[in-house]
Amino acid sequence: MSLTSDRTVERGEPDARGWRPLVTGPGEPHLGGVPAAGGRVLGALVHMSDPHLCDAESPARQEHLDRHGDPGAPYAPLLGTIGTYRAQEILTAHVAAAALAAVQRLHRAPVAGAPLDAVVVTGDLVDNAQRNELRWYTDLLAGRPVAPRSGDPARSSWVGATDPGRTWWPQYWHPDGPPDGVPDDVPTARHGFPRLPGIVDAARQAVASPGAGLPWHSVHGNHDALLQGVVAPDDALRALAVGAERVVDLAPGQTPFVVLDAAATVGPARYTHTPESPREPVPPDAGRDLVEPGDVTGALAAAEPDPGALVARYGNAWVRDVGELRLIAMDTANPHGGYQGSVDAEQLAWLDEQLTAAADRYVVVLSHHPSWTLLNAYAPDGEPRRHRADDVLGLLLRHRCVIAWLAGHVHAHTHRWHPGPDGRSGLFEITTASLIDWPQQLRVVEVVREPGGTLAITSTVVDHAGAGGWTWEPGCDDVTVLAGVSRTLAANDWRVRARPELLTRAAGAPADRNAVWRMPDPHA
């Protein structure tokens with residue numbers, strides 16, 4: 001079983017170069033007790049977020065920018081963590097399959113024991129807004145096998161693949177080791193990253209997925225609409241994605257400050273390459289074409305089960321009844337650029353209408369961005385005004401039927417209580433960690449109507465099925481081992497070793513994980 005109330009996965013003691021294995025730790029009890037006897041379960045949701053299914057071989061990625069945030073890089077203190085490259089990015093499909101395997105093992109809600117109603121995935125379904133990544137997502141959730149590769153079927157073009165015919169970049173982890181006569185890469189030599197011969201090829205093989213085993217519903221995130229979650233696609237970027245060249249470094253005369261344009265919190269943002277940017281050849285692949293408006297909605301509408309539960313839709317936003325809960329999903333991705341979120345005026349009016357119509361229901365709102373990241377109100381001239389956090393949260397709090405808000409984006413377990421204008425009502429906002437960064441977990445949220453006029457919202461964090469104490473053997477194709485490798489790599493990210501509070505923040509405090517939070521029942 002993968003419940004963290006039974007046992008946990010922790011970072012072990014570091015070796016001489018700082019590498020930490022994962023070890024088993026004690027379970028975490030639920031803070032706040034259990035729901036009162038005699039309560040009625042209104043709904044039980046599996047909350048996953050930020051799987052970031054990644055075509056790591058795509059030339060539309062900008063891995064080279066990430067090097068400027070590495071420890072010791074001259075501009076790193078000014079640029080911070082950039083996030084365009086991760087050592088574990090070739091294993092995202094394996095982690096998603098391991099997360100779905102954990103869902104299959106649950107059978108019932110872990111606290112109240114009621115049947116699970118649905119899986120909700122709060123955005124960043126994919127990493128780089130590519131059609132092949134979107135297909136991998138729908139296939140994995142539906143239980144179909146996925147081969148997470150592009151370009152040459154027989155040969156990886158990932159930046160971490162060892163290939164004597166290509167430029168050797170020591171800043172990337174190369175699990176197969178360096179070419180003959182070349183020193184180890186920096187992650188291996190300085191940070192203790194392991195040699196795992198054959199894992200690059202193993203990561204490209206078909207991944208068997210157990211599927212969600214439940215109705216599943218998806219929320220739109222910034223990485224689902226924008227390249228690397230930041231830049232709006234255009235014809236030139238579409239050509240880059242499907243083409244035969246990868247940009248590998250800054251152009252002559254550029255400084256690392258161009259990273260600020262490429263990783264902008266607020267739009268517009270831009271890719272930073274120029275005609276003079278250094279490049280290397282990669283195999284072209286038309287399957288890497290970028291999504292267009294409507295593609296994500298269409299793909300999900302065709303793939304997601306239980307269409308009868310759909311109440312309303314507005315673009316990528318939707319309303320569904322699940323159990324006795326009404327779920328209302330917002331689209332907070334700003335299509336004009338920037339990785340932080342907002343909601344346009346038309347969608348905000350639609351949201352107000354849907355909440356008014358649901359006044360006698362228990363409403364759980366879903367979005368990719370949590371409230372404090374709704375900062376990106378950029379809109380070009382002629383486009384609808386976009387609204388930030390105060391307008392969106394203020395609207396939700398005016399409707400007492402809203403009891404909870406589930407989100408992702410920040411790659412961390414958090415929870416917070418937002419009091420309503422009357423000082424008595426309010427809502428809980430809950431974010432769940434990502435499936436790409438530490439700690440790679442999901443959670444079960446149960447809503448119980450207790451006798452006496454309270455609601456109990458119960459959270460149980462769940463580990464994916466990836467093995468913690470894995471042993472690597474060349475030729476291994478075990479999804480649980482590959483997912484375990486990914487989680488161990490995430491736990492050892494060299495960019496956060498100097499700031500261990502970042503990993504602690506991602507895992508959340510105990511009260512953010514296994515807990516029972518209570519609020520007044522708005523319909524008591």
# chains A, B, ... in the order shown; residues from 1 in each chain; ligands from 1
>>> residues_around(residues="A:Thr8", least_positions_apart="3", cutoff="7 Å", atoms="only C-alpha atoms", output="list in words")
Thr4, Thr24, Gly25, Pro26 and Gly27 of chain A
>>> write_last_selection(atoms="N, CA and C atoms", output="tab-separated table (two decimals), in the first residue's frame")
chain	number	residue	atom	x	y	z
A	4	THR	N	0.75	7.22	3.00
A	4	THR	CA	1.77	7.74	3.90
A	4	THR	C	1.34	7.67	5.36
A	24	THR	N	12.76	4.04	3.99
A	24	THR	CA	11.40	3.96	4.53
A	24	THR	C	11.35	4.57	5.92
A	25	GLY	N	10.34	5.40	6.14
A	25	GLY	CA	10.16	6.03	7.44
A	25	GLY	C	8.80	5.65	8.03
A	26	PRO	N	8.53	6.09	9.26
A	26	PRO	CA	7.25	5.76	9.90
A	26	PRO	C	6.09	6.47	9.23
A	27	GLY	N	4.90	5.92	9.40
A	27	GLY	CA	3.70	6.55	8.88
A	27	GLY	C	3.36	7.83	9.61
>>> residues_around(residues="stretch 348-365 of chain A", least_positions_apart="6", cutoff="7 Å", atoms="only C-alpha atoms", output="list in words")
Leu325, Arg326, Leu327, Ile328, Ala329, His399, Cys401, Val402, Ile403, Ala404, Trp405 and Leu406 of chain A
>>> select_by_dssp(residues="stretch 328-524 of chain A", states="strand (DSSP E or B)", output="number ranges by chain")
A: 328-329, 343-344, 362-366, 386-387, 402-407, 414-419, 426-431, 441-450, 454-463, 515-520
>>> atom_distance(atom1="atom CA of A:Leu237", atom2="atom CA of A:Asp289")
9.4 Å
>>> residues_around(residues="A:Gly475", least_positions_apart="4", cutoff="8 Å", atoms="only C-alpha atoms", output="PDB file with C-alpha atoms, in the first residue's frame")
ATOM      1  CA  GLY A 198      21.127   1.584 -20.349  1.00  0.00           C
ATOM      2  CA  ILE A 199      18.520   3.733 -18.591  1.00  0.00           C
ATOM      3  CA  ALA A 202      15.051   1.829 -21.219  1.00  0.00           C
TER       4      ALA A 202
END
>>> select_by_dssp(residues="stretch 29-196 of chain A", states="helix (DSSP H, G or I)", output="PyMOL selection string")
chain A and resi 63-69+76-79+89-106+131-142+186-191
>>> write_last_selection(atoms="N, CA and C atoms", output="compact mmCIF listing (two decimals), in the first residue's frame")
# COMPACT_ATOMS: atom_id res chain seq x y z
N GLU A 63 16.91 23.56 -22.64
CA GLU A 63 17.72 23.07 -21.53
C GLU A 63 18.94 23.96 -21.26
N HIS A 64 19.49 24.53 -22.30
CA HIS A 64 20.75 25.28 -22.13
C HIS A 64 20.57 26.48 -21.20
N LEU A 65 19.36 27.02 -21.11
CA LEU A 65 19.15 28.15 -20.21
C LEU A 65 19.30 27.75 -18.75
N ASP A 66 18.98 26.49 -18.45
CA ASP A 66 19.00 26.04 -17.06
C ASP A 66 20.40 26.08 -16.47
N ARG A 67 21.41 25.93 -17.31
CA ARG A 67 22.78 25.91 -16.81
C ARG A 67 23.16 27.19 -16.09
N HIS A 68 22.48 28.29 -16.43
CA HIS A 68 22.82 29.57 -15.82
C HIS A 68 22.26 29.71 -14.40
N GLY A 69 21.46 28.74 -13.97
CA GLY A 69 21.00 28.72 -12.59
C GLY A 69 21.72 27.70 -11.74
N ALA A 76 23.78 32.86 -11.37
CA ALA A 76 22.83 32.05 -10.61
C ALA A 76 22.17 32.80 -9.46
N PRO A 77 22.90 33.59 -8.66
CA PRO A 77 22.23 34.29 -7.56
C PRO A 77 21.17 35.28 -8.03
N LEU A 78 21.29 35.75 -9.27
CA LEU A 78 20.34 36.71 -9.80
C LEU A 78 19.17 36.05 -10.51
N LEU A 79 19.40 34.87 -11.07
CA LEU A 79 18.38 34.20 -11.88
C LEU A 79 17.57 33.18 -11.10
N GLU A 89 13.74 14.06 -16.26
CA GLU A 89 12.68 14.41 -17.21
C GLU A 89 12.40 13.31 -18.25
N ILE A 90 13.30 12.34 -18.40
CA ILE A 90 13.02 11.24 -19.34
C ILE A 90 12.11 10.18 -18.73
N LEU A 91 11.72 10.34 -17.47
CA LEU A 91 10.98 9.29 -16.76
C LEU A 91 9.59 9.73 -16.34
N THR A 92 9.05 10.78 -16.92
CA THR A 92 7.75 11.29 -16.48
C THR A 92 6.61 10.31 -16.76
N ALA A 93 6.67 9.60 -17.88
CA ALA A 93 5.60 8.63 -18.17
C ALA A 93 5.61 7.49 -17.16
N HIS A 94 6.79 7.10 -16.71
CA HIS A 94 6.90 6.02 -15.75
C HIS A 94 6.33 6.44 -14.39
N VAL A 95 6.59 7.69 -14.01
CA VAL A 95 6.04 8.18 -12.76
C VAL A 95 4.52 8.27 -12.84
N ALA A 96 3.99 8.74 -13.96
CA ALA A 96 2.54 8.81 -14.12
C ALA A 96 1.92 7.42 -14.02
N ALA A 97 2.54 6.44 -14.66
CA ALA A 97 2.01 5.07 -14.57
C ALA A 97 2.08 4.55 -13.15
N ALA A 98 3.16 4.87 -12.42
CA ALA A 98 3.29 4.44 -11.03
C ALA A 98 2.26 5.14 -10.13
N ALA A 99 1.94 6.39 -10.45
CA ALA A 99 0.90 7.08 -9.69
C ALA A 99 -0.46 6.44 -9.93
N LEU A 100 -0.73 6.07 -11.16
CA LEU A 100 -2.00 5.41 -11.46
C LEU A 100 -2.06 4.03 -10.81
N ALA A 101 -0.93 3.34 -10.73
CA ALA A 101 -0.90 2.06 -10.02
C ALA A 101 -1.24 2.25 -8.55
N ALA A 102 -0.78 3.36 -7.96
CA ALA A 102 -1.12 3.64 -6.57
C ALA A 102 -2.62 3.89 -6.42
N VAL A 103 -3.22 4.56 -7.39
CA VAL A 103 -4.67 4.78 -7.36
C VAL A 103 -5.40 3.44 -7.40
N GLN A 104 -4.94 2.56 -8.26
CA GLN A 104 -5.59 1.25 -8.39
C GLN A 104 -5.53 0.46 -7.08
N ARG A 105 -4.50 0.68 -6.29
CA ARG A 105 -4.35 -0.05 -5.03
C ARG A 105 -5.24 0.49 -3.92
N LEU A 106 -5.79 1.68 -4.10
CA LEU A 106 -6.54 2.30 -3.01
C LEU A 106 -7.87 1.60 -2.75
N ARG A 131 1.65 18.00 -29.14
CA ARG A 131 0.58 17.04 -29.40
C ARG A 131 0.97 15.62 -28.96
N ASN A 132 2.22 15.24 -29.16
CA ASN A 132 2.60 13.88 -28.75
C ASN A 132 2.54 13.73 -27.25
N GLU A 133 2.92 14.76 -26.50
CA GLU A 133 2.82 14.71 -25.04
C GLU A 133 1.36 14.58 -24.60
N LEU A 134 0.48 15.33 -25.24
CA LEU A 134 -0.95 15.26 -24.90
C LEU A 134 -1.51 13.88 -25.17
N ARG A 135 -1.08 13.27 -26.26
CA ARG A 135 -1.53 11.90 -26.56
C ARG A 135 -1.02 10.93 -25.51
N TRP A 136 0.22 11.10 -25.06
CA TRP A 136 0.74 10.23 -24.00
C TRP A 136 -0.13 10.36 -22.74
N TYR A 137 -0.52 11.58 -22.42
CA TYR A 137 -1.33 11.79 -21.21
C TYR A 137 -2.66 11.04 -21.31
N THR A 138 -3.39 11.24 -22.39
CA THR A 138 -4.70 10.58 -22.49
C THR A 138 -4.55 9.06 -22.56
N ASP A 139 -3.52 8.58 -23.23
CA ASP A 139 -3.31 7.12 -23.30
C ASP A 139 -2.99 6.54 -21.92
N LEU A 140 -2.13 7.21 -21.16
CA LEU A 140 -1.79 6.70 -19.83
C LEU A 140 -3.00 6.65 -18.92
N LEU A 141 -3.80 7.72 -18.90
CA LEU A 141 -4.98 7.74 -18.03
C LEU A 141 -6.01 6.70 -18.47
N ALA A 142 -6.05 6.42 -19.77
CA ALA A 142 -7.01 5.44 -20.29
C ALA A 142 -6.49 4.00 -20.18
N VAL A 186 29.41 17.01 -14.40
CA VAL A 186 29.40 17.67 -13.10
C VAL A 186 28.45 16.99 -12.12
N PRO A 187 27.22 16.63 -12.52
CA PRO A 187 26.35 15.96 -11.55
C PRO A 187 26.95 14.69 -10.97
N THR A 188 27.69 13.94 -11.77
CA THR A 188 28.31 12.70 -11.30
C THR A 188 29.54 13.00 -10.45
N ALA A 189 30.44 13.82 -10.97
CA ALA A 189 31.71 14.05 -10.29
C ALA A 189 31.55 14.87 -9.02
N ARG A 190 30.67 15.87 -9.06
CA ARG A 190 30.57 16.79 -7.93
C ARG A 190 29.43 16.44 -6.98
N HIS A 191 28.35 15.88 -7.52
CA HIS A 191 27.14 15.70 -6.71
C HIS A 191 26.77 14.24 -6.47
>>> closest_residue(among="A:Gly267, A:Pro278, A:Gly508, A:Gly165", to="A:Val247", atoms="only C-alpha atoms")
A:Pro278
>>> closest_residue(among="A:Trp517, A:Trp494, A:Tyr339, A:Trp470", to="A:Tyr172", atoms="only C-alpha atoms")
A:Trp494
>>> residues_around(residues="A:Pro421", least_positions_apart="2", cutoff="12 Å", atoms="only C-alpha atoms", output="number ranges by chain")
A: 393-400, 418-419, 423-427
>>> residues_around(residues="A:Val291", least_positions_apart="3", cutoff="8 Å", atoms="only C-alpha atoms", output="JSON, numbers by chain")
{"A": [129, 130, 131, 225, 295, 296]}
>>> closest_residue(among="A:Gly341, A:Pro510, A:Gly43, A:Gly192", to="A:Ala16", atoms="only C-alpha atoms")
A:Gly192
>>> residues_around(residues="A:Leu125", least_positions_apart="6", cutoff="9 Å", atoms="only C-alpha atoms", output="PDB file with N, CA, C and O atoms, in the first residue's frame")
ATOM      1  N   SER A  49      -1.480  16.263  -9.539  1.00  0.00           N
ATOM      2  CA  SER A  49      -1.179  17.518 -10.206  1.00  0.00           C
ATOM      3  C   SER A  49       0.196  17.469 -10.848  1.00  0.00           C
ATOM      4  O   SER A  49       1.080  16.729 -10.420  1.00  0.00           O
ATOM      5  N   ASP A  50       0.331  18.244 -11.895  1.00  0.00           N
ATOM      6  CA  ASP A  50       1.623  18.510 -12.530  1.00  0.00           C
ATOM      7  C   ASP A  50       2.406  17.253 -12.898  1.00  0.00           C
ATOM      8  O   ASP A  50       3.562  17.096 -12.514  1.00  0.00           O
ATOM      9  N   PRO A  51       1.812  16.354 -13.707  1.00  0.00           N
ATOM     10  CA  PRO A  51       2.611  15.210 -14.179  1.00  0.00           C
ATOM     11  C   PRO A  51       3.697  15.618 -15.172  1.00  0.00           C
ATOM     12  O   PRO A  51       4.693  14.912 -15.320  1.00  0.00           O
ATOM     13  N   HIS A  52       3.512  16.734 -15.878  1.00  0.00           N
ATOM     14  CA  HIS A  52       4.542  17.246 -16.796  1.00  0.00           C
ATOM     15  C   HIS A  52       5.062  16.164 -17.739  1.00  0.00           C
ATOM     16  O   HIS A  52       6.286  15.982 -17.880  1.00  0.00           O
ATOM     17  N   LEU A  53       4.169  15.447 -18.396  1.00  0.00           N
ATOM     18  CA  LEU A  53       4.639  14.433 -19.346  1.00  0.00           C
ATOM     19  C   LEU A  53       5.500  15.120 -20.404  1.00  0.00           C
ATOM     20  O   LEU A  53       5.061  16.014 -21.106  1.00  0.00           O
ATOM     21  N   GLU A 133       2.923  14.761 -26.498  1.00  0.00           N
ATOM     22  CA  GLU A 133       2.820  14.705 -25.036  1.00  0.00           C
ATOM     23  C   GLU A 133       1.362  14.584 -24.601  1.00  0.00           C
ATOM     24  O   GLU A 133       1.037  13.821 -23.675  1.00  0.00           O
ATOM     25  N   LEU A 134       0.475  15.326 -25.239  1.00  0.00           N
ATOM     26  CA  LEU A 134      -0.947  15.263 -24.898  1.00  0.00           C
ATOM     27  C   LEU A 134      -1.511  13.877 -25.175  1.00  0.00           C
ATOM     28  O   LEU A 134      -2.304  13.346 -24.391  1.00  0.00           O
ATOM     29  N   TYR A 137      -0.519  11.577 -22.416  1.00  0.00           N
ATOM     30  CA  TYR A 137      -1.333  11.787 -21.214  1.00  0.00           C
ATOM     31  C   TYR A 137      -2.662  11.036 -21.312  1.00  0.00           C
ATOM     32  O   TYR A 137      -3.032  10.280 -20.401  1.00  0.00           O
ATOM     33  N   SER A 218      -9.640  16.547 -16.094  1.00  0.00           N
ATOM     34  CA  SER A 218      -8.369  17.272 -16.194  1.00  0.00           C
ATOM     35  C   SER A 218      -8.604  18.776 -16.253  1.00  0.00           C
ATOM     36  O   SER A 218      -9.581  19.247 -16.836  1.00  0.00           O
ATOM     37  N   VAL A 219      -7.674  19.503 -15.666  1.00  0.00           N
ATOM     38  CA  VAL A 219      -7.702  20.962 -15.606  1.00  0.00           C
ATOM     39  C   VAL A 219      -6.567  21.496 -16.470  1.00  0.00           C
ATOM     40  O   VAL A 219      -5.501  20.882 -16.566  1.00  0.00           O
ATOM     41  N   HIS A 220      -6.786  22.643 -17.075  1.00  0.00           N
ATOM     42  CA  HIS A 220      -5.841  23.233 -18.019  1.00  0.00           C
ATOM     43  C   HIS A 220      -4.773  24.031 -17.273  1.00  0.00           C
ATOM     44  O   HIS A 220      -5.084  24.847 -16.405  1.00  0.00           O
ATOM     45  N   GLY A 221      -3.488  23.775 -17.599  1.00  0.00           N
ATOM     46  CA  GLY A 221      -2.387  24.485 -16.959  1.00  0.00           C
ATOM     47  C   GLY A 221      -1.543  25.258 -17.951  1.00  0.00           C
ATOM     48  O   GLY A 221      -1.698  25.116 -19.173  1.00  0.00           O
ATOM     49  N   HIS A 223       1.600  24.902 -18.780  1.00  0.00           N
ATOM     50  CA  HIS A 223       2.435  24.065 -19.650  1.00  0.00           C
ATOM     51  C   HIS A 223       1.612  23.358 -20.724  1.00  0.00           C
ATOM     52  O   HIS A 223       2.182  22.860 -21.700  1.00  0.00           O
ATOM     53  N   ASP A 224       0.297  23.318 -20.547  1.00  0.00           N
ATOM     54  CA  ASP A 224      -0.567  22.703 -21.551  1.00  0.00           C
ATOM     55  C   ASP A 224      -0.866  23.649 -22.704  1.00  0.00           C
ATOM     56  O   ASP A 224      -1.349  23.217 -23.749  1.00  0.00           O
TER      57      ASP A 224
END
>>> residues_around(residues="A:Ser277", least_positions_apart="4", cutoff="6 Å", atoms="only C-alpha atoms", output="tab-separated table (two decimals) with C-alpha atoms, in the first residue's frame")
chain	number	residue	atom	x	y	z
A	250	LEU	CA	23.26	31.59	-26.07
A	251	ALA	CA	24.06	33.50	-29.23
A	273	HIS	CA	17.37	32.18	-29.76
>>> atom_distance(atom1="atom CA of A:Asn128", atom2="atom CA of A:His411")
16.8 Å
>>> closest_residue(among="A:Asp331, A:Glu473, A:Asp6, A:Asp521", to="A:Pro451", atoms="only C-alpha atoms")
A:Asp521
>>> closest_residue(among="A:Ser459, A:Thr504, A:Gln254, A:Thr480", to="A:Pro439", atoms="only C-alpha atoms")
A:Thr504
